[in-house]
Structures are given as structure tokens and as C-alpha cells.
>>> print(open('structure_7.cif').read())   # mmCIF, C-alpha atoms
data_query
loop_
_atom_site.label_atom_id
_atom_site.label_comp_id
_atom_site.auth_asym_id
_atom_site.auth_seq_id
_atom_site.Cartn_x
_atom_site.Cartn_y
_atom_site.Cartn_z
CA MET A 1 91.32 -19.81 24.89
CA ALA A 2 93.73 -22.12 26.66
CA PRO A 3 93.42 -25.84 25.85
CA ALA A 4 91.75 -27.92 28.54
CA GLU A 5 93.96 -30.30 30.49
CA ARG A 6 91.26 -32.90 30.79
CA SER A 7 91.59 -36.25 29.02
CA PHE A 8 89.14 -39.11 29.25
CA ALA A 9 89.95 -42.59 30.56
CA ARG A 10 90.12 -45.08 27.73
CA ARG A 11 88.69 -47.87 29.85
CA THR A 12 85.23 -46.25 29.69
CA LEU A 13 85.24 -47.01 25.99
CA LEU A 14 85.31 -50.73 26.72
CA THR A 15 82.19 -50.47 28.87
CA THR A 16 80.34 -48.57 26.16
CA THR A 17 81.48 -51.00 23.47
CA ALA A 18 80.11 -53.90 25.48
CA ALA A 19 76.79 -52.12 25.90
CA LEU A 20 76.57 -51.57 22.15
CA SER A 21 77.49 -55.12 21.18
CA GLY A 22 73.87 -56.32 20.98
CA ALA A 23 72.95 -53.52 18.56
CA ALA A 24 76.09 -54.18 16.52
CA LEU A 25 75.11 -57.82 15.99
CA LEU A 26 71.85 -56.83 14.34
CA GLY A 27 73.47 -55.11 11.39
CA GLY A 28 77.08 -56.14 11.85
CA THR A 29 77.51 -58.10 8.63
CA ALA A 30 76.14 -55.33 6.41
CA ASP A 31 78.10 -52.67 8.28
CA ALA A 32 81.32 -54.65 8.02
CA ALA A 33 80.88 -55.10 4.26
CA GLU A 34 80.15 -51.40 3.82
CA ASN A 35 83.17 -50.36 5.89
CA THR A 36 85.42 -52.77 3.96
CA ARG A 37 84.28 -51.26 0.67
CA HIS A 38 85.08 -47.77 1.93
CA ALA A 39 88.44 -48.75 3.42
CA ALA A 40 90.18 -48.10 0.08
CA TRP A 41 88.81 -44.56 -0.08
CA PRO A 42 91.33 -41.85 0.84
CA ALA A 43 91.53 -40.95 4.52
CA GLN A 44 93.07 -37.58 3.66
CA PHE A 45 92.69 -35.37 0.62
CA PRO A 46 93.62 -31.80 -0.32
CA LEU A 47 91.35 -28.79 -0.49
CA PRO A 48 92.20 -25.78 -2.66
CA ASP A 49 95.13 -23.64 -1.52
CA GLY A 50 93.96 -20.53 0.29
CA PHE A 51 90.44 -21.93 0.66
CA GLN A 52 90.17 -21.46 4.46
CA PRO A 53 87.64 -24.25 5.15
CA GLU A 54 85.47 -24.30 8.25
CA GLY A 55 82.23 -26.22 7.72
CA ILE A 56 81.50 -29.59 6.17
CA THR A 57 78.31 -31.44 5.25
CA ILE A 58 77.62 -34.76 3.54
CA GLY A 59 74.24 -35.65 2.05
CA ALA A 60 72.72 -38.86 0.70
CA LYS A 61 75.59 -39.38 -1.76
CA PRO A 62 79.29 -39.74 -0.90
CA TYR A 63 80.26 -36.15 -1.57
CA ALA A 64 81.49 -33.71 1.04
CA TYR A 65 80.72 -30.01 0.74
CA PHE A 66 83.04 -27.43 2.32
CA GLY A 67 82.51 -23.71 2.83
CA SER A 68 85.23 -21.08 2.45
CA LEU A 69 85.86 -18.41 5.05
CA ALA A 70 87.88 -16.52 2.45
CA ASN A 71 85.18 -15.81 -0.14
CA GLY A 72 82.18 -18.06 0.52
CA ASP A 73 82.90 -20.59 -2.24
CA ILE A 74 81.45 -24.09 -1.91
CA TYR A 75 83.82 -26.95 -2.78
CA ARG A 76 82.54 -30.47 -3.41
CA ALA A 77 84.87 -33.46 -3.00
CA SER A 78 84.23 -37.10 -3.85
CA LEU A 79 84.84 -39.27 -0.79
CA ALA A 80 85.73 -42.17 -3.09
CA THR A 81 88.57 -40.34 -4.86
CA GLY A 82 89.31 -37.17 -2.89
CA ARG A 83 89.02 -35.11 -6.06
CA GLY A 84 86.69 -32.13 -6.24
CA ARG A 85 85.83 -28.72 -7.61
CA VAL A 86 84.10 -25.49 -6.68
CA VAL A 87 80.38 -25.99 -7.36
CA ALA A 88 79.11 -22.60 -6.15
CA LYS A 89 80.98 -19.33 -6.29
CA GLY A 90 80.87 -17.15 -3.23
CA THR A 91 79.98 -13.50 -3.08
CA GLY A 92 83.13 -12.44 -1.26
CA ARG A 93 81.39 -12.98 2.08
CA PRO A 94 82.32 -16.00 4.23
CA THR A 95 80.63 -19.35 4.54
CA VAL A 96 81.05 -20.87 8.00
CA GLY A 97 78.72 -23.76 8.95
CA LEU A 98 76.62 -25.46 6.27
CA LYS A 99 74.13 -28.31 5.91
CA ILE A 100 72.54 -30.00 2.90
CA ASP A 101 68.92 -31.17 2.80
CA GLY A 102 67.33 -34.00 0.83
CA HIS A 103 66.54 -31.71 -2.11
CA GLY A 104 70.12 -30.66 -2.86
CA ARG A 105 69.77 -27.32 -1.10
CA LEU A 106 72.62 -25.97 1.04
CA PHE A 107 71.92 -23.80 4.08
CA LEU A 108 74.88 -21.52 4.73
CA ALA A 109 75.87 -19.54 7.83
CA GLY A 110 77.41 -16.30 6.65
CA GLY A 111 79.74 -15.43 9.53
CA ASP A 112 80.39 -11.73 10.05
CA SER A 113 78.20 -10.83 7.05
CA GLY A 114 75.24 -11.57 9.32
CA GLU A 115 73.62 -13.43 6.44
CA ILE A 116 71.89 -16.75 5.99
CA ARG A 117 72.05 -18.03 2.42
CA THR A 118 70.59 -20.99 0.55
CA VAL A 119 72.26 -22.46 -2.54
CA ASP A 120 71.09 -25.04 -5.07
CA VAL A 121 74.08 -27.38 -5.45
CA ARG A 122 72.91 -28.63 -8.85
CA SER A 123 73.01 -25.21 -10.46
CA GLY A 124 75.39 -23.50 -8.06
CA GLU A 125 72.98 -20.58 -7.86
CA THR A 126 72.17 -18.69 -4.69
CA GLU A 127 68.44 -19.01 -4.07
CA GLN A 128 67.87 -16.76 -1.07
CA VAL A 129 69.81 -14.32 1.09
CA HIS A 130 68.46 -13.36 4.51
CA ALA A 131 69.87 -10.53 6.61
CA THR A 132 69.62 -11.45 10.30
CA GLY A 133 71.00 -8.30 11.85
CA GLY A 134 73.44 -10.62 13.61
CA THR A 135 77.15 -10.23 14.20
CA PHE A 136 78.57 -13.68 13.41
CA VAL A 137 76.23 -16.37 12.08
CA ASN A 138 78.26 -19.47 12.84
CA ASP A 139 76.67 -22.91 12.51
CA VAL A 140 73.45 -24.56 11.37
CA ILE A 141 71.36 -27.68 11.98
CA LEU A 142 68.32 -28.83 10.02
CA THR A 143 65.17 -30.00 11.79
CA PRO A 144 61.81 -30.97 10.28
CA GLY A 145 60.46 -27.72 8.89
CA ALA A 146 63.26 -25.37 9.92
CA ALA A 147 66.96 -24.57 9.86
CA TRP A 148 68.51 -23.26 13.09
CA PHE A 149 71.60 -21.03 13.23
CA THR A 150 73.85 -19.84 16.05
CA ASP A 151 75.27 -16.34 16.51
CA SER A 152 78.62 -16.31 18.30
CA PHE A 153 78.36 -12.75 19.63
CA LYS A 154 74.65 -12.49 20.48
CA PRO A 155 72.53 -14.61 22.86
CA VAL A 156 70.10 -15.63 20.13
CA LEU A 157 69.33 -18.38 17.64
CA TYR A 158 67.92 -17.78 14.17
CA ARG A 159 65.12 -19.99 12.86
CA LEU A 160 64.64 -20.10 9.10
CA ALA A 161 61.28 -21.58 8.08
CA LYS A 162 59.07 -21.01 5.03
CA GLY A 163 61.44 -18.38 3.70
CA ALA A 164 61.38 -16.17 6.80
CA VAL A 165 63.88 -15.73 9.64
CA GLU A 166 62.79 -15.54 13.28
CA THR A 167 65.14 -14.45 16.07
CA VAL A 168 64.84 -16.57 19.23
CA PRO A 169 66.49 -15.06 22.34
CA LEU A 170 68.48 -17.46 24.54
CA THR A 171 67.42 -17.34 28.20
CA GLY A 172 67.50 -19.55 31.29
CA GLU A 173 71.03 -20.75 32.10
CA TRP A 174 72.55 -19.30 28.96
CA GLN A 175 75.62 -17.18 29.77
CA GLN A 176 76.79 -14.77 27.09
CA GLY A 177 80.50 -14.02 27.27
CA PRO A 178 82.22 -10.76 26.33
CA ASP A 179 83.66 -12.44 23.25
CA PHE A 180 83.00 -15.53 21.11
CA THR A 181 80.32 -17.67 22.83
CA ALA A 182 77.88 -19.84 20.83
CA ASN A 183 79.32 -22.24 18.31
CA GLY A 184 78.16 -25.69 17.10
CA ILE A 185 74.52 -26.81 17.13
CA GLU A 186 72.76 -30.19 16.99
CA ARG A 187 69.48 -31.87 17.96
CA THR A 188 68.93 -33.98 21.06
CA PRO A 189 68.55 -37.74 20.44
CA ASP A 190 64.78 -37.52 20.92
CA GLY A 191 64.58 -34.56 18.51
CA ARG A 192 62.67 -32.37 20.96
CA ALA A 193 65.38 -29.82 21.73
CA LEU A 194 68.60 -28.32 20.43
CA LEU A 195 72.15 -28.69 21.71
CA VAL A 196 74.43 -25.65 21.49
CA VAL A 197 78.10 -25.26 22.41
CA ASN A 198 78.73 -22.35 24.81
CA ASP A 199 82.48 -21.65 24.82
CA PHE A 200 82.15 -19.24 27.76
CA ALA A 201 79.84 -20.74 30.39
CA ASN A 202 81.68 -22.66 33.14
CA GLY A 203 84.82 -22.94 31.09
CA GLY A 204 83.02 -24.40 28.08
CA ALA A 205 79.62 -26.05 28.27
CA LEU A 206 76.95 -27.82 26.27
CA MET A 207 73.50 -26.27 26.51
CA ARG A 208 70.13 -27.87 25.85
CA VAL A 209 67.78 -25.29 24.34
CA ASP A 210 63.99 -25.50 24.15
CA PRO A 211 63.26 -24.40 20.56
CA ARG A 212 59.83 -23.05 21.52
CA THR A 213 61.06 -20.66 24.21
CA GLY A 214 64.84 -20.35 23.86
CA ALA A 215 65.26 -21.43 27.48
CA ALA A 216 68.69 -23.03 27.94
CA ARG A 217 69.84 -25.55 30.50
CA GLU A 218 73.39 -26.83 30.88
CA VAL A 219 73.82 -30.48 29.96
CA ASP A 220 75.38 -32.56 32.74
CA LEU A 221 78.57 -33.94 31.16
CA GLY A 222 79.93 -35.31 34.43
CA GLY A 223 82.45 -32.50 34.81
CA ALA A 224 83.74 -32.54 31.23
CA LYS A 225 84.30 -29.14 29.61
CA LEU A 226 84.21 -27.86 26.03
CA PRO A 227 86.54 -24.84 26.17
CA ASN A 228 87.29 -25.00 22.45
CA GLY A 229 84.05 -26.68 21.41
CA ASP A 230 83.17 -26.14 17.77
CA GLY A 231 81.14 -28.45 15.52
CA LEU A 232 78.76 -31.06 16.93
CA LEU A 233 77.67 -34.29 15.27
CA LEU A 234 75.04 -36.63 16.72
CA LEU A 235 74.85 -40.24 15.53
CA GLY A 236 72.13 -42.05 17.46
CA ARG A 237 72.95 -41.16 21.05
CA ILE A 238 76.67 -40.67 20.43
CA LEU A 239 77.70 -37.01 20.33
CA TYR A 240 80.98 -35.99 18.72
CA ALA A 241 82.21 -32.56 19.87
CA VAL A 242 85.13 -31.16 17.89
CA GLN A 243 87.62 -29.34 20.13
CA GLN A 244 89.43 -27.38 17.49
CA ARG A 245 92.55 -25.95 19.15
CA GLN A 246 93.02 -29.12 21.16
CA ASN A 247 93.15 -31.10 17.89
CA ALA A 248 90.66 -33.54 19.33
CA ILE A 249 87.12 -34.86 19.19
CA ASP A 250 85.48 -35.53 22.55
CA VAL A 251 82.86 -38.27 22.44
CA PHE A 252 79.84 -38.56 24.73
CA ARG A 253 76.90 -40.92 25.13
CA LEU A 254 73.73 -38.88 25.75
CA ASN A 255 70.42 -39.85 27.27
CA ASP A 256 67.42 -39.51 24.95
CA ALA A 257 66.42 -36.08 26.22
CA GLY A 258 69.95 -34.73 25.92
CA THR A 259 70.05 -33.57 29.52
CA ARG A 260 73.00 -35.80 30.54
CA GLY A 261 76.08 -37.14 28.83
CA THR A 262 78.82 -39.60 29.74
CA ALA A 263 82.33 -39.16 28.36
CA ILE A 264 83.39 -42.16 26.29
CA THR A 265 86.74 -41.21 24.83
CA ARG A 266 88.80 -38.56 23.07
CA ILE A 267 89.83 -39.03 19.44
CA THR A 268 93.15 -37.50 18.44
CA ASP A 269 95.19 -37.87 15.26
CA PRO A 270 98.57 -36.49 14.17
CA ARG A 271 96.93 -35.28 10.95
CA PHE A 272 94.65 -32.90 12.84
CA ARG A 273 95.58 -29.27 12.17
CA ILE A 274 92.81 -27.53 14.08
CA PRO A 275 89.77 -29.34 12.72
CA THR A 276 86.52 -27.47 13.20
CA THR A 277 83.52 -29.58 12.19
CA ALA A 278 82.66 -33.18 11.33
CA ALA A 279 80.35 -35.13 9.03
CA ALA A 280 79.83 -38.89 8.76
CA TRP A 281 79.87 -41.45 5.96
CA GLY A 282 80.59 -45.18 5.85
CA GLY A 283 81.82 -45.61 9.42
CA ARG A 284 84.11 -42.60 9.16
CA LEU A 285 84.12 -39.02 10.37
CA TYR A 286 85.39 -36.43 7.90
CA LEU A 287 86.82 -33.14 9.17
CA PRO A 288 88.33 -30.06 7.47
CA ASN A 289 91.56 -28.73 8.94
CA ALA A 290 91.00 -25.00 9.40
CA ARG A 291 94.60 -24.22 10.45
CA PHE A 292 93.60 -21.27 12.63
CA ASP A 293 97.13 -21.26 14.06
CA VAL A 294 98.66 -19.84 10.86
CA GLU A 295 98.15 -16.58 9.02
CA PRO A 296 96.11 -17.48 5.91
CA THR A 297 97.52 -16.60 2.51
CA PRO A 298 96.41 -17.47 -1.05
CA THR A 299 98.98 -20.29 -1.04
CA THR A 300 98.27 -21.78 2.40
CA ASP A 301 97.56 -25.48 2.00
CA TYR A 302 94.42 -27.07 3.47
CA ASP A 303 93.05 -30.58 3.60
CA ALA A 304 90.36 -32.84 5.02
CA VAL A 305 90.99 -36.00 7.04
CA ALA A 306 88.94 -39.02 8.01
CA VAL A 307 88.99 -41.02 11.24
CA GLN A 308 86.94 -44.01 12.33
CA GLN A 309 83.70 -43.51 14.22
CA ILE A 310 83.48 -44.89 17.74
#
>>> encode(input="structure_7.cif", output="C-alpha cells")
Amino acid sequence: MAPAERSFARRTLLTTTAALSGAALLGGTADAAENTRHAAWPAQFPLPDGFQPEGITIGAKPYAYFGSLANGDIYRASLATGRGRVVAKGTGRPTVGLKIDGHGRLFLAGGDSGEIRTVDVRSGETEQVHATGGTFVNDVILTPGAAWFTDSFKPVLYRLAKGAVETVPLTGEWQQGPDFTANGIERTPDGRALLVVNDFANGGALMRVDPRTGAAREVDLGGAKLPNGDGLLLLGRILYAVQQRQNAIDVFRLNDAGTRGTAITRITDPRFRIPTTAAAWGGRLYLPNARFDVEPTPTTDYDAVAVQQI
């Protein structure tokens, strides 16, 4: 897909910053101390050669977990040092999106295997494998009581709850393209609905999905598009949308219901080499560089980079 030509006016960031200043004063001293402590942590660190990273998740401790498209391995890296190791061996099938819960359990989207897997990070053992009948299980978000997964080639979501998978058809304003369509997934700020990237609809859109019915409605982003939208990350009401092939993160302020969003800014960095997803820790966003613009080999180098949150 061709990169979008749109860029956001930086002056809107000043308006948003002023609006947030009252909230910043409440916890500013503690936040500043925390950010200073983390400033010495590496802002870029290597991942294993040939790893082919795509997803990232960070739990309650400062460790990032990355999934491999090459063989499904899970690599854990310390954010404090940048050093890491493989903590769960893959099965030869890919790991795309992943999330960790409060019990040390990883929920893995299995890409073109059509699988959903769960892994105990303490033992490295695979706990469950669920066949969805899907074509490309892409990304995942955890909600109270369930894990939700996208399928990039089918107009459905998968809901994993109590060890069983339910297929939820996407209806309403959802438009399924002839190729890759659904990608990243998040919750709305009020937690009542889901947000899903649709790379096809209207040149790239964000959809709000009712989890009870699957009915989708396009989020009003004021004309902004997500033609290369990949991973989503919501912090409060600030939504970070990774635009992989544009080497950028587009940032929006959402209303509580997630029906409207205002563009704040676009984050770019010369270290971006097609980042795909983002996770947050200590005032930073961490992203794996997927390098989809090169032919992967066992010796292709990969890394993760950190940028400051807005």
C-alpha cells in the first residue's frame, strides 16, 4: 500500500499539552523522577539475527516480550540493560501479536497457522493451542474475562474466554477488502467497545466494534487515514497508531466512547525501520523494527527502539 501523504500540524500538540497540564501537575514530581531513572536505560537494543519480530508486550515488570514470525519463538529483553534470551521455543509456526496478563501468561496470535496459543512465561511451556479456522490471526487485546484477536483476511474477531474460542462476525460499517484488512486492536477509553484498524476501508480507517454484536462503526478521525495502520496502543485517552511502512506513529486524542479522535502529532525517528507495534514503560514507547522492506535471512539484523511518549 502506498504511504499516505498526510502529516499533522505540530501546533495542535501545543494545544493538547496545555489541556493536559493540570493532570501533569498532580503526579508530575513522581513521573519526572521515574523518567529520570529510566533515562539511562538503552533507547535501542538488538534482537536475535533472523528473528523477524512483529509483536511486543510489556507486563508489570520492565521486560519486553517479542514474538518471532520466523518460528514462533518468544524473546524476553530487559529494558534496563537491553540484554535478553529466548524464554519459549516456538513450534515452527509464527507468532504475530502477543499480550501478557497479570499471571505471567502470554496470549499469542498465530498468523497464517490460524492458531491462538497461550504460553506460561515462567516455564516457557505452551499451555493451550486453539484452532480458529482462520486465515491470518494477527493481533490481540486483553479485556476483563477475554482475549480478542483479529483476522486479517476474514471479517471476524475471535474471543477466547474460559478456554473456548468464539467467532464474532464483523458487521455494520465494516468493509472487508480483497487482501489484508484487519490489523491492530485496542479497547475504547471507557472500556465498552473495541477499536480495530481496517487497512482497506476509506483508504485506512479505525473502526469501533461492539463486542456483543460485532457491529462496526468508523471512528471520526477528522479526515486522518491509517493506510498502513498496524499496532494500536491506548494510554488514557491517547491512542498511538503505528503506521509501519511510513515509519511513523500517528497520535490521536479520543473521546471516552472512542467514537471520535483528534490528531495530535506524528512521531518519526531515523531509527525506525518499519516498526509494527508498540508497548509502554516509564514514559517511553518501545517498538520492534520488523524490516518488511528486506528479504529476511537467518543473518538479517533486527532491533527494538524507544521513543518518548507524548
>>> closest_atom_pairs(input="structure_7.cif", of="range 206-268 of chain A", to="range 55-74 of chain A", cutoff="12 Å", atoms="all atoms listed in the file", output="tab-separated table")
residue	atom	partner	partner_atom	distance
A:Asp230	CA	A:Gly55	CA	10.1
A:Gly231	CA	A:Gly55	CA	8.2
A:Leu232	CA	A:Gly55	CA	11.0
A:Leu233	CA	A:Thr57	CA	10.4
A:Val242	CA	A:Gly55	CA	11.7
>>> resolve_selection(input="structure_7.cif", expression="the PyMOL selection byres ((chain A and resi 271) around 10)", output="mmCIF file with C-alpha atoms, in the coordinates of the input")
data_model
loop_
_atom_site.group_PDB
_atom_site.id
_atom_site.type_symbol
_atom_site.label_atom_id
_atom_site.label_comp_id
_atom_site.auth_asym_id
_atom_site.auth_seq_id
_atom_site.Cartn_x
_atom_site.Cartn_y
_atom_site.Cartn_z
ATOM 1 C CA GLN A 44 93.070 -37.580 3.660
ATOM 2 C CA ASN A 247 93.150 -31.100 17.890
ATOM 3 C CA THR A 268 93.150 -37.500 18.440
ATOM 4 C CA ASP A 269 95.190 -37.870 15.260
ATOM 5 C CA PRO A 270 98.570 -36.490 14.170
ATOM 6 C CA PHE A 272 94.650 -32.900 12.840
ATOM 7 C CA ARG A 273 95.580 -29.270 12.170
ATOM 8 C CA ILE A 274 92.810 -27.530 14.080
ATOM 9 C CA PRO A 275 89.770 -29.340 12.720
ATOM 10 C CA ASN A 289 91.560 -28.730 8.940
ATOM 11 C CA ASP A 303 93.050 -30.580 3.600
ATOM 12 C CA ALA A 304 90.360 -32.840 5.020
ATOM 13 C CA VAL A 305 90.990 -36.000 7.040
ATOM 14 C CA ALA A 306 88.940 -39.020 8.010
ATOM 15 C CA VAL A 307 88.990 -41.020 11.240
#
>>> closest_atom_pairs(input="structure_7.cif", of="range 223-296 of chain A", to="range 180-189 of chain A", cutoff="9 Å", atoms="only C-alpha atoms", output="Markdown table")
| residue | atom | partner | partner_atom | distance |
| --- | --- | --- | --- | --- |
| A:Gly229 | CA | A:Asn183 | CA | 7.2 |
| A:Asp230 | CA | A:Gly184 | CA | 5.1 |
| A:Gly231 | CA | A:Gly184 | CA | 4.4 |
| A:Leu232 | CA | A:Gly184 | CA | 5.4 |
| A:Leu233 | CA | A:Glu186 | CA | 6.6 |
| A:Leu234 | CA | A:Glu186 | CA | 6.8 |
| A:Leu235 | CA | A:Pro189 | CA | 8.4 |
| A:Gly236 | CA | A:Pro189 | CA | 6.3 |
| A:Arg237 | CA | A:Pro189 | CA | 5.6 |
| A:Ile238 | CA | A:Pro189 | CA | 8.6 |
| A:Ala241 | CA | A:Gly184 | CA | 8.4 |
| A:Val242 | CA | A:Gly184 | CA | 8.9 |
| A:Leu254 | CA | A:Pro189 | CA | 7.5 |
| A:Asn255 | CA | A:Pro189 | CA | 7.4 |
| A:Asp256 | CA | A:Pro189 | CA | 5.0 |
| A:Ala257 | CA | A:Thr188 | CA | 6.1 |
| A:Gly258 | CA | A:Thr188 | CA | 5.0 |
| A:Thr259 | CA | A:Thr188 | CA | 8.5 |
| A:Thr277 | CA | A:Gly184 | CA | 8.2 |
>>> write_last_selection(input="structure_7.cif", atoms="C-alpha atoms", output="compact mmCIF listing (two decimals), in the frame of the given file")
# COMPACT_ATOMS: atom_id res chain seq x y z
CA GLY A 229 84.05 -26.68 21.41
CA ASP A 230 83.17 -26.14 17.77
CA GLY A 231 81.14 -28.45 15.52
CA LEU A 232 78.76 -31.06 16.93
CA LEU A 233 77.67 -34.29 15.27
CA LEU A 234 75.04 -36.63 16.72
CA LEU A 235 74.85 -40.24 15.53
CA GLY A 236 72.13 -42.05 17.46
CA ARG A 237 72.95 -41.16 21.05
CA ILE A 238 76.67 -40.67 20.43
CA ALA A 241 82.21 -32.56 19.87
CA VAL A 242 85.13 -31.16 17.89
CA LEU A 254 73.73 -38.88 25.75
CA ASN A 255 70.42 -39.85 27.27
CA ASP A 256 67.42 -39.51 24.95
CA ALA A 257 66.42 -36.08 26.22
CA GLY A 258 69.95 -34.73 25.92
CA THR A 259 70.05 -33.57 29.52
CA THR A 277 83.52 -29.58 12.19
>>> closest_residue(input="structure_7.cif", among="A:Ala43, A:Gly134, A:Lys225, A:Gln52", to="Glu295 in chain A", atoms="all atoms listed in the file")
A:Gln52
>>> resolve_selection(input="structure_7.cif", expression="the PyMOL selection byres ((chain A and resi 84) around 10)", output="ChimeraX atom specification")
/A:45-48,63-65,75-79,81-83,85-87
>>> closest_residue(input="structure_7.cif", among="A:Ile310, A:Val140, A:Ile249, A:Ile267", to="Ile100 in chain A", atoms="all atoms listed in the file")
A:Val140
>>> residues_around(input="structure_7.cif", residues="Gly223 in chain A", least_positions_apart="3", cutoff="12 Å", atoms="all atoms listed in the file", output="list in words")
Arg6, Ser7, Phe8, Asn202, Gly203, Gly204, Ala205, Leu206, Glu218, Val219, Asp220, Leu226, Arg260, Gly261, Thr262 and Ala263 of chain A
>>> closest_residue(input="structure_7.cif", among="A:Gly163, A:Trp148, A:Asn228, A:Gly102", to="His130 in chain A", atoms="only C-alpha atoms")
A:Gly163
>>> atom_distance(input="structure_7.cif", atom1="CA of Tyr240 in chain A", atom2="CA of Trp41 in chain A")
22.1 Å
>>> atom_distance(input="structure_7.cif", atom1="CA of Val197 in chain A", atom2="CA of Gly92 in chain A")
27.4 Å
>>> closest_residue(input="structure_7.cif", among="A:Gly177, A:Gly90, A:Gly124, A:Pro298", to="Arg105 in chain A", atoms="only C-alpha atoms")
A:Gly124
>>> atom_distance(input="structure_7.cif", atom1="CA of Ala193 in chain A", atom2="CA of Ala248 in chain A")
25.7 Å
>>> resolve_selection(input="structure_7.cif", expression="the PyMOL selection byres ((chain A and resi 147) around 8)", output="list in words")
Phe107, Val140, Ile141, Leu142, Thr143, Gly145, Ala146, Trp148, Phe149, Arg159, Leu160 and Ala161 of chain A
>>> closest_residue(input="structure_7.cif", among="A:Asp210, A:Thr132, A:Gln309, A:Pro169", to="Gly282 in chain A", atoms="only C-alpha atoms")
A:Gln309
>>> closest_residue(input="structure_7.cif", among="A:Val137, A:Leu287, A:Met207, A:Val251", to="Gln176 in chain A", atoms="all atoms listed in the file")
A:Met207
>>> residues_around(input="structure_7.cif", residues="Ala109 in chain A", least_positions_apart="6", cutoff="6 Å", atoms="all atoms listed in the file", output="list in words")
Thr95, Val96, Gly97, Ile116, Val137, Asn138 and Asp139 of chain A
>>> decode(input="structure_7.cif", residues="range 111-163 of chain A", atoms="C-alpha atoms", output="CSV table (one decimal), in the first residue's frame")
chain,number,residue,atom,x,y,z
A,111,GLY,CA,-0.6,-15.7,11.9
A,112,ASP,CA,-1.2,-18.0,9.0
A,113,SER,CA,-1.3,-21.1,11.2
A,114,GLY,CA,-4.8,-19.9,12.2
A,115,GLU,CA,-3.9,-20.7,15.8
A,116,ILE,CA,-4.3,-19.0,19.1
A,117,ARG,CA,-1.8,-20.1,21.7
A,118,THR,CA,-1.1,-19.4,25.4
A,119,VAL,CA,2.3,-19.8,27.0
A,120,ASP,CA,3.5,-19.7,30.6
A,121,VAL,CA,6.5,-17.4,30.5
A,122,ARG,CA,7.9,-18.8,33.8
A,123,SER,CA,8.2,-22.3,32.4
A,124,GLY,CA,8.3,-21.5,28.7
A,125,GLU,CA,5.7,-24.2,28.1
A,126,THR,CA,2.7,-23.9,25.8
A,127,GLU,CA,-0.4,-24.3,27.8
A,128,GLN,CA,-3.2,-24.3,25.1
A,129,VAL,CA,-3.5,-24.3,21.4
A,130,HIS,CA,-6.8,-23.3,19.8
A,131,ALA,CA,-7.5,-23.8,16.1
A,132,THR,CA,-9.7,-20.9,14.9
A,133,GLY,CA,-10.3,-22.0,11.3
A,134,GLY,CA,-9.0,-18.5,10.4
A,135,THR,CA,-6.5,-17.4,7.7
A,136,PHE,CA,-4.2,-15.0,9.5
A,137,VAL,CA,-4.7,-14.4,13.2
A,138,ASN,CA,-2.9,-11.1,13.6
A,139,ASP,CA,-3.2,-9.1,16.9
A,140,VAL,CA,-4.7,-9.4,20.3
A,141,ILE,CA,-6.0,-7.3,23.2
A,142,LEU,CA,-6.9,-8.4,26.7
A,143,THR,CA,-10.2,-7.3,28.3
A,144,PRO,CA,-11.7,-8.4,31.7
A,145,GLY,CA,-12.6,-12.0,31.1
A,146,ALA,CA,-11.5,-12.4,27.5
A,147,ALA,CA,-8.8,-12.1,24.9
A,148,TRP,CA,-9.8,-10.7,21.5
A,149,PHE,CA,-8.0,-11.4,18.2
A,150,THR,CA,-8.2,-10.0,14.7
A,151,ASP,CA,-8.1,-12.0,11.4
A,152,SER,CA,-6.6,-10.0,8.6
A,153,PHE,CA,-8.3,-11.9,5.8
A,154,LYS,CA,-11.8,-12.6,7.3
A,155,PRO,CA,-14.4,-10.2,8.6
A,156,VAL,CA,-14.4,-11.7,12.1
A,157,LEU,CA,-12.9,-11.4,15.6
A,158,TYR,CA,-12.1,-14.3,17.8
A,159,ARG,CA,-13.0,-14.2,21.5
A,160,LEU,CA,-11.1,-16.5,23.8
A,161,ALA,CA,-12.7,-16.9,27.2
A,162,LYS,CA,-12.7,-19.8,29.7
A,163,GLY,CA,-10.6,-21.9,27.4
